[in-house]
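Student: Pasting a structure here, questions to come.
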Protein chains: 2
Amino acid sequence: MATLSDVARRAGVSISAVSRVLSNAPEARVSAETRARIKQAAVDLAYRPNFAGRALKFSRTNVIALVVPDLTNAFATELMLGVEDEALERDYMVLLGRSEDLKPGGEMVSRLIGEGRVDGMLVQVADQSSAAEIADLVQAGYPIVFLNSIHTGHRGGVVLDDEAGARLATEHLVGLGHRRIAMVGGLPQSYTAERRLTGFRAAMAPAGLPVPPTAVTRLGYQPGNGREALRALLAQPEPPTGLVVANINAAIGVLSEARSLRLQVPEDLSVISVHDAWTAENTWPPLSTVKMPMYQLGRAGVAGLYDRLHGQEVRDHVVTDPAPQLVLRESTRAIG
Amino acid sequence: MATLSDVARRAGVSISAVSRVLSNAPEARVSAETRARIKQAAVDLAYRPNFAGRALKFSRTNVIALVVPDLTNAFATELMLGVEDEALERDYMVLLGRSEDLKPGGEMVSRLIGEGRVDGMLVQVADQSSAAEIADLVQAGYPIVFLNSIHTGHRGGVVLDDEAGARLATEHLVGLGHRRIAMVGGLPQSYTAERRLTGFRAAMAPAGLPVPPTAVTRLGYQPGNGREALRALLAQPEPPTGLVVANINAAIGVLSEARSLRLQVPEDLSVISVHDAWTAENTWPPLSTVKMPMYQLGRAGVAGLYDRLHGQEVRDHVVTDPAPQLVLRESTRAIG
DNA sequence: GTGAAAGCGCTAACAT
DNA sequence: ATGTTAGCGCTTTCAC
């Protein structure tokens, strides 16, 4: 790898001249002739600025980490895209990580931030995360922006309008004439689960529909949790005719279990989920969803982190634009 | 962030003494007393070695990049796990990337390797990648190990035993009495597609089953490609009764399209795919697959890259252990 | 308009 | 047993 000094030698100038030219220093008073010679030499040698050298000099890497529970979640794609686009525009690189690796005593965080590998992190905590783990993260005062959760004692969370999303999904079923509607929710300690449940209730109440405790399961966002939830819900004396599932993966489990149970969707049961992804097109029947602005969540997260890293004050932020949007496929139908 | 000099000051010793103690220099002749004082000071200040400082000193980061076409592919999880485990054992960190970002003139590669952000890369090229793009990568002579493909002029590819996998899947269908078996394959330029096709033929021949050109589609590994392939295959005068799908995502598309076409699986059509993932449990019917050792592929890839980085000679390598394994669910049945 | 030099945090060869 | 020093590649102040 060529260094500045290699380029300098080849161009017959000093290192500092090269540095000034190649980093486009605004007040680089260099003759056009020298500048051209330097640029040519840099090209000839395929010069690239050394990352470590710069990082050491600036105490800054221009790299941020995006840490999510499961990178293979279909809707993580959109988030990643949003993060990368926004990061690119602000001249940052993105390093991807899995939040399971966050677990043991914040080892990952100290490796990433503590050792100066990244300047800050975007973190979506796993739903199973204990309050203690999160408190650890928050307390250290690292430049972290949480995605999809807001924590007391920490400013700078960016969340989706989960409430509006769940409300929209529920209203769709209500509009279809369903009266017995249940929610297949996430774990009780999950921030998004809480908000989606609120949205569910917010849509049920004005329709005069009761939400008995038995109409809500809070088992989690995995397919297995969806299966389990469906069995529990069907075991009731008056099973629901419509299901609002708080997460697309859980909904996939619901659909799959319904098949096993020889239950017809949407004839016997309507199902709609919060979050959209390509996987929804390949379930049977194709799953109706509420598309949430994951891409914009990613962009907003980066923007927030950027502000934080540049000494600006940051506030918690709800991404409301674009609004959650119904994507109707074939898993819901009018009652009767 | 505390530096060595901070620790030194607090412990009342020189910087180099601290460095020796904290990096466990084998011949660090230091009195037990000083050593203890240093360690204590380091703990007090939560000292962490600065990444850039070390990288600059060693011209080495102990970071490798894993670049795959689509991180959200369900079977990428296993690969990532294998890579991370093996990397951890060898004291490397893993940086994740998407191979779409490889595209424009190798910009990503020069950023990662050229700027010294990582020491080497594990690359799974996208099936759509042009030969030219790959030649670019190969030619630069970077420390790269290719996953799932082998390229002329480049040593150090690690691949699965695709042939054995496809053969196993095909033999399963043959054993079930199917005679008209088709392969839903990947793109012609895809290395794995080629090998899986070979495996398919290798199982058909000894059973005395012909493989007419119409029995093989080569549309790609996406769900949409699977759908398209199924329609093409069914349009034939004597449509197949069994399908070997070269990739699980394409198989999901096949299943989904079969539903739309009111075709019963496995009653009317048996389907089996190469690659296993959790998503196979949630299709309808649950998809039978051949599980490939993705985890070991990841480990082998890191091992190969490690050797390369440490001046050892590296050879191309086929991961054969564990062997591909049938995972029977409900998408195949005996002809009858 | 250009160059010399200091220093970011770290390690290792070389003093003492 | 411990300290001093040079230097990895880079930017930037200061001198010329």
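Residues are referred to by chain and number: the chain letter is A, B, ... according to the order shown in the structure tokens, the number counts from 1 in that chain, and ligands are numbered separately from 1 in the order shown.
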For the alpha helix (DSSP H) assignment from backbone DSSP, which residues of segment 171-209 of chain B qualify? Please present them as an MDAnalysis selection string.
Tutor: chainID B and resid 171:175 191:204
Student: I'd like the neighbourhood of DT4 of chain D as a ChimeraX atom specification, where a residue qualifies if any of its atoms comes within 10 Å (using only C-alpha atoms (C1' of nucleotides)), though same-chain residues fewer than 4 positions away should be ignored.
Tutor: /B:14,16 /C:14-16
Student: Among segment 86-239 of chain B, which ones does DSSP place in strand (DSSP E), written as a VMD selection string?
Tutor: chain B and resid 93 to 98 120 to 123 144 to 147 157 to 160 181 to 185 216 to 218
Student: Since we have the selection now, will you write its residues out, keeping C-alpha atoms, as a PDB file, in the first residue's frame?
Tutor:
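Result file follows (selection.pdb):
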ATOM      1  CA  MET B  93     -13.206  -9.489  14.506  1.00  0.00           C
ATOM      2  CA  VAL B  94     -15.704  -9.756  11.679  1.00  0.00           C
ATOM      3  CA  LEU B  95     -17.116  -6.882   9.719  1.00  0.00           C
ATOM      4  CA  LEU B  96     -20.230  -7.630   7.683  1.00  0.00           C
ATOM      5  CA  GLY B  97     -20.965  -6.262   4.252  1.00  0.00           C
ATOM      6  CA  ARG B  98     -23.313  -6.772   1.335  1.00  0.00           C
ATOM      7  CA  GLY B 120      -8.689  -9.612   4.273  1.00  0.00           C
ATOM      8  CA  MET B 121     -12.104 -10.595   3.052  1.00  0.00           C
ATOM      9  CA  LEU B 122     -14.410 -13.535   2.747  1.00  0.00           C
ATOM     10  CA  VAL B 123     -16.500 -12.931  -0.335  1.00  0.00           C
ATOM     11  CA  ILE B 144      -9.612 -12.690  -0.482  1.00  0.00           C
ATOM     12  CA  VAL B 145     -11.165 -16.083   0.028  1.00  0.00           C
ATOM     13  CA  PHE B 146     -14.201 -16.773  -2.073  1.00  0.00           C
ATOM     14  CA  LEU B 147     -17.087 -18.640  -0.550  1.00  0.00           C
ATOM     15  CA  GLY B 157     -11.862 -20.719  -2.722  1.00  0.00           C
ATOM     16  CA  VAL B 158     -13.948 -22.649  -0.231  1.00  0.00           C
ATOM     17  CA  VAL B 159     -17.034 -24.386  -1.501  1.00  0.00           C
ATOM     18  CA  LEU B 160     -19.712 -26.755  -0.329  1.00  0.00           C
ATOM     19  CA  ILE B 181     -37.995 -35.118 -12.217  1.00  0.00           C
ATOM     20  CA  ALA B 182     -37.003 -31.592 -13.101  1.00  0.00           C
ATOM     21  CA  MET B 183     -34.414 -29.248 -11.695  1.00  0.00           C
ATOM     22  CA  VAL B 184     -35.180 -25.659 -10.835  1.00  0.00           C
ATOM     23  CA  GLY B 185     -31.686 -24.310 -11.098  1.00  0.00           C
ATOM     24  CA  VAL B 216     -33.950 -27.964 -16.343  1.00  0.00           C
ATOM     25  CA  THR B 217     -34.651 -24.293 -15.731  1.00  0.00           C
ATOM     26  CA  ARG B 218     -31.850 -21.906 -14.917  1.00  0.00           C
TER      27      ARG B 218
END
Student: Do you have, as JSON lines, the list of residues of chain A lying at most 6 Å from chain B, each with its nearest atom pair and that distance in Å to one decimal, counting only C-alpha atoms and ordered by chain then number?
Tutor:
{"residue": "A:Arg48", "atom": "CA", "partner": "B:Glu115", "partner_atom": "CA", "distance": 5.6}
{"residue": "A:Pro49", "atom": "CA", "partner": "B:Glu115", "partner_atom": "CA", "distance": 5.8}
{"residue": "A:Asn50", "atom": "CA", "partner": "B:Glu115", "partner_atom": "CA", "distance": 4.7}
{"residue": "A:Phe51", "atom": "CA", "partner": "B:Glu115", "partner_atom": "CA", "distance": 5.2}
{"residue": "A:Ala52", "atom": "CA", "partner": "B:Ala52", "partner_atom": "CA", "distance": 4.6}
{"residue": "A:Ala55", "atom": "CA", "partner": "B:Ala52", "partner_atom": "CA", "distance": 5.9}
{"residue": "A:Leu56", "atom": "CA", "partner": "B:Ala52", "partner_atom": "CA", "distance": 5.3}
{"residue": "A:Leu71", "atom": "CA", "partner": "B:Thr72", "partner_atom": "CA", "distance": 5.8}
{"residue": "A:Thr72", "atom": "CA", "partner": "B:Thr72", "partner_atom": "CA", "distance": 3.5}
{"residue": "A:Asn73", "atom": "CA", "partner": "B:Thr72", "partner_atom": "CA", "distance": 5.8}
{"residue": "A:Ala74", "atom": "CA", "partner": "B:Thr72", "partner_atom": "CA", "distance": 5.6}
{"residue": "A:Leu96", "atom": "CA", "partner": "B:Leu96", "partner_atom": "CA", "distance": 5.3}
{"residue": "A:Glu115", "atom": "CA", "partner": "B:Asn50", "partner_atom": "CA", "distance": 4.8}
{"residue": "A:Gly116", "atom": "CA", "partner": "B:Phe51", "partner_atom": "CA", "distance": 5.7}
{"residue": "A:Arg117", "atom": "CA", "partner": "B:Phe51", "partner_atom": "CA", "distance": 6.0}
{"residue": "A:Ser256", "atom": "CA", "partner": "B:Asn282", "partner_atom": "CA", "distance": 5.4}
{"residue": "A:Asn282", "atom": "CA", "partner": "B:Ser256", "partner_atom": "CA", "distance": 5.4}
Student: Which residues, written as a short mmCIF file (atom, residue, chain, number, x, y, z; two decimals) with N, CA and C atoms, in the first residue's frame, have at least one atom at most 9 Å from segment 264-276 of chain A, with only C-alpha atoms (C1' of nucleotides) counted and residues fewer than 3 positions away on the same chain left out?
Tutor:
data_model
loop_
_atom_site.label_atom_id
_atom_site.label_comp_id
_atom_site.auth_asym_id
_atom_site.auth_seq_id
_atom_site.Cartn_x
_atom_site.Cartn_y
_atom_site.Cartn_z
N ALA A 74 -36.13 -10.30 7.47
CA ALA A 74 -36.36 -9.73 6.15
C ALA A 74 -36.51 -8.22 6.20
N PHE A 75 -37.10 -7.71 7.27
CA PHE A 75 -37.28 -6.26 7.26
C PHE A 75 -36.06 -5.51 7.73
N ASP A 162 -45.43 2.95 16.05
CA ASP A 162 -46.01 1.61 16.23
C ASP A 162 -47.49 1.68 16.53
N GLY A 165 -49.39 2.22 13.43
CA GLY A 165 -49.35 1.02 12.60
C GLY A 165 -50.35 -0.02 13.07
N ALA A 166 -50.33 -0.28 14.37
CA ALA A 166 -51.23 -1.29 14.90
C ALA A 166 -52.68 -0.82 14.80
N ALA A 169 -53.90 -1.41 11.25
CA ALA A 169 -54.17 -2.83 11.01
C ALA A 169 -55.50 -3.23 11.65
N THR A 170 -55.68 -2.77 12.86
CA THR A 170 -56.90 -3.13 13.59
C THR A 170 -58.13 -2.52 12.93
N HIS A 172 -58.54 -1.86 9.94
CA HIS A 172 -58.85 -2.60 8.73
C HIS A 172 -59.78 -3.77 9.05
N LEU A 173 -59.45 -4.50 10.09
CA LEU A 173 -60.28 -5.65 10.46
C LEU A 173 -61.64 -5.19 10.95
N HIS A 178 -65.27 -7.37 11.46
CA HIS A 178 -64.88 -8.30 12.53
C HIS A 178 -65.21 -7.68 13.88
N ARG A 196 -47.64 -1.14 20.23
CA ARG A 196 -48.56 -1.73 19.26
C ARG A 196 -49.85 -2.18 19.95
N PRO A 240 -61.37 -15.75 18.18
CA PRO A 240 -61.44 -14.57 17.33
C PRO A 240 -61.63 -14.93 15.86
N THR A 241 -62.16 -13.97 15.12
CA THR A 241 -62.28 -14.15 13.67
C THR A 241 -61.22 -13.34 12.95
N GLY A 242 -60.57 -12.45 13.70
CA GLY A 242 -59.53 -11.63 13.10
C GLY A 242 -58.35 -11.49 14.03
N LEU A 243 -57.15 -11.48 13.44
CA LEU A 243 -55.93 -11.39 14.25
C LEU A 243 -55.06 -10.24 13.76
N VAL A 244 -54.67 -9.41 14.72
CA VAL A 244 -53.64 -8.42 14.42
C VAL A 244 -52.35 -8.97 15.01
N VAL A 245 -51.39 -9.27 14.14
CA VAL A 245 -50.14 -9.84 14.63
C VAL A 245 -49.10 -8.72 14.64
N ALA A 246 -48.42 -8.60 15.75
CA ALA A 246 -47.55 -7.44 15.94
C ALA A 246 -46.26 -7.50 15.14
N ASN A 247 -46.00 -8.65 14.54
CA ASN A 247 -44.74 -8.77 13.79
C ASN A 247 -44.91 -9.77 12.66
N ILE A 248 -44.25 -9.53 11.57
CA ILE A 248 -44.45 -10.35 10.39
C ILE A 248 -43.97 -11.78 10.56
N ASN A 249 -42.91 -11.97 11.30
CA ASN A 249 -42.42 -13.34 11.48
C ASN A 249 -43.38 -14.16 12.32
N ALA A 250 -43.93 -13.53 13.34
CA ALA A 250 -44.93 -14.21 14.14
C ALA A 250 -46.14 -14.54 13.27
N ALA A 251 -46.46 -13.63 12.36
CA ALA A 251 -47.60 -13.85 11.48
C ALA A 251 -47.37 -15.04 10.56
N VAL A 254 -48.17 -17.94 12.51
CA VAL A 254 -49.62 -18.07 12.64
C VAL A 254 -50.22 -18.75 11.41
N LEU A 255 -49.82 -18.27 10.26
CA LEU A 255 -50.34 -18.82 9.00
C LEU A 255 -49.99 -20.30 8.86
N ALA A 258 -52.00 -22.31 11.27
CA ALA A 258 -53.39 -22.38 10.83
C ALA A 258 -53.56 -23.51 9.81
N ARG A 259 -52.61 -23.61 8.90
CA ARG A 259 -52.62 -24.68 7.90
C ARG A 259 -52.61 -26.04 8.58
N LEU A 261 -53.62 -26.75 11.38
CA LEU A 261 -54.87 -26.95 12.11
C LEU A 261 -56.06 -27.04 11.16
N THR A 279 -41.13 -11.54 2.30
CA THR A 279 -41.61 -12.85 2.74
C THR A 279 -43.13 -12.91 2.77
N ALA A 280 -43.77 -11.77 2.94
CA ALA A 280 -45.23 -11.74 3.02
C ALA A 280 -45.87 -12.16 1.70
N TRP A 284 -48.82 -18.54 2.40
CA TRP A 284 -50.13 -18.85 1.85
C TRP A 284 -51.19 -18.71 2.89
N PRO A 285 -52.20 -17.91 2.67
CA PRO A 285 -52.28 -16.99 1.54
C PRO A 285 -51.29 -15.84 1.72
N LEU A 287 -49.77 -12.60 2.70
CA LEU A 287 -50.12 -11.91 3.94
C LEU A 287 -50.36 -10.41 3.76
N SER A 288 -51.49 -9.96 4.27
CA SER A 288 -51.73 -8.52 4.30
C SER A 288 -50.96 -7.93 5.47
N THR A 289 -50.43 -6.76 5.26
CA THR A 289 -49.58 -6.16 6.29
C THR A 289 -49.79 -4.65 6.37
N VAL A 290 -49.17 -4.08 7.37
CA VAL A 290 -49.03 -2.63 7.43
C VAL A 290 -47.55 -2.33 7.28
N LYS A 291 -47.24 -1.66 6.22
CA LYS A 291 -45.83 -1.37 5.95
C LYS A 291 -45.37 -0.19 6.80
N MET A 292 -44.30 -0.43 7.53
CA MET A 292 -43.76 0.62 8.39
C MET A 292 -42.51 1.22 7.72
N PRO A 293 -42.26 2.48 7.95
CA PRO A 293 -41.14 3.14 7.27
C PRO A 293 -39.78 2.80 7.88
N MET A 294 -39.36 1.57 7.66
CA MET A 294 -38.09 1.11 8.20
C MET A 294 -36.91 1.87 7.59
N PRO A 324 -47.59 4.79 8.33
CA PRO A 324 -47.81 3.36 8.09
C PRO A 324 -48.86 3.18 6.99
N VAL A 327 -50.91 -2.76 3.20
CA VAL A 327 -50.56 -3.51 1.98
C VAL A 327 -51.47 -4.73 1.96
N LEU A 328 -52.54 -4.62 1.22
CA LEU A 328 -53.54 -5.68 1.26
C LEU A 328 -53.20 -6.79 0.29
N GLU A 330 -53.96 -11.25 0.60
CA GLU A 330 -55.16 -12.10 0.61
C GLU A 330 -55.49 -12.76 1.93
N SER A 331 -54.93 -12.24 3.01
CA SER A 331 -55.14 -12.93 4.28
C SER A 331 -56.25 -12.32 5.12
N THR A 332 -56.93 -11.33 4.58
CA THR A 332 -58.06 -10.77 5.32
C THR A 332 -59.28 -10.72 4.41
N ARG A 333 -60.45 -10.84 5.01
CA ARG A 333 -61.68 -10.65 4.23
C ARG A 333 -62.82 -10.26 5.17
N ALA A 334 -63.88 -9.76 4.57
CA ALA A 334 -65.01 -9.32 5.38
C ALA A 334 -65.65 -10.50 6.11
N ILE A 335 -66.13 -10.22 7.26
CA ILE A 335 -66.77 -11.25 8.07
C ILE A 335 -68.07 -11.67 7.41
N GLY A 336 -68.45 -12.93 7.61
CA GLY A 336 -69.77 -13.39 7.15
C GLY A 336 -69.61 -14.34 6.03
#
Student: Show me a table, sorted first by chain and then by increasing residue number, of the residues of chain C having an atom at most 10 Å from chain B, each with its shortest atom pair and the distance in Å to one decimal, counting only C-alpha atoms (C1' of nucleotides) and written as a Markdown table.
Tutor:
| residue | atom | partner | partner_atom | distance |
| --- | --- | --- | --- | --- |
| C:DC8 | C1' | B:Gly53 | CA | 8.2 |
| C:DG9 | C1' | B:Gly53 | CA | 4.5 |
| C:DC10 | C1' | B:Gly53 | CA | 4.9 |
| C:DT11 | C1' | B:Lys57 | CA | 6.9 |
| C:DA12 | C1' | B:Ser16 | CA | 9.1 |
Student: With C-alpha atoms (C1' of nucleotides) kept, could you save the residues just selected as a short mmCIF file (atom, residue, chain, number, x, y, z; two decimals), in the first residue's frame?
Tutor:
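Result file again.cif:
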data_model
loop_
_atom_site.label_atom_id
_atom_site.label_comp_id
_atom_site.auth_asym_id
_atom_site.auth_seq_id
_atom_site.Cartn_x
_atom_site.Cartn_y
_atom_site.Cartn_z
"C1'" DC C 8 -2.20 11.21 17.78
"C1'" DG C 9 -1.47 5.81 20.85
"C1'" DC C 10 1.05 2.10 20.51
"C1'" DT C 11 5.16 -1.39 20.57
"C1'" DA C 12 9.88 -2.91 20.58
#
Student: Considering only C-alpha atoms (C1' of nucleotides), tabulate each residue of chain D that lies at most 12 Å from chain A along with its nearest interatomic pair and the corresponding distance in Å to one decimal; arrange the rows by chain and ascending residue number and present them as CSV.
Tutor:
residue,atom,partner,partner_atom,distance
D:DC8,C1',A:Gly53,CA,8.2
D:DG9,C1',A:Gly53,CA,4.5
D:DC10,C1',A:Gly53,CA,4.9
D:DT11,C1',A:Lys57,CA,6.9
D:DT12,C1',A:Ser16,CA,8.8
D:DT13,C1',A:Ser16,CA,11.4
Student: Report the distance between atom CA of Ala17 of chain A and atom CA of Ala41 of chain A in Å, rounded to one decimal place.
Tutor: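 Atom CA of Ala17 of chain A sits 12.5 Å away from atom CA of Ala41 of chain A.
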Student: I'd like the neighbourhood of DC16 of chain D as an MDAnalysis selection string, where a residue qualifies if any of its atoms comes within 12 Å (using only C-alpha atoms (C1' of nucleotides)), though same-chain residues fewer than 4 positions away should be ignored.
Tutor: chainID C and resid 1:4
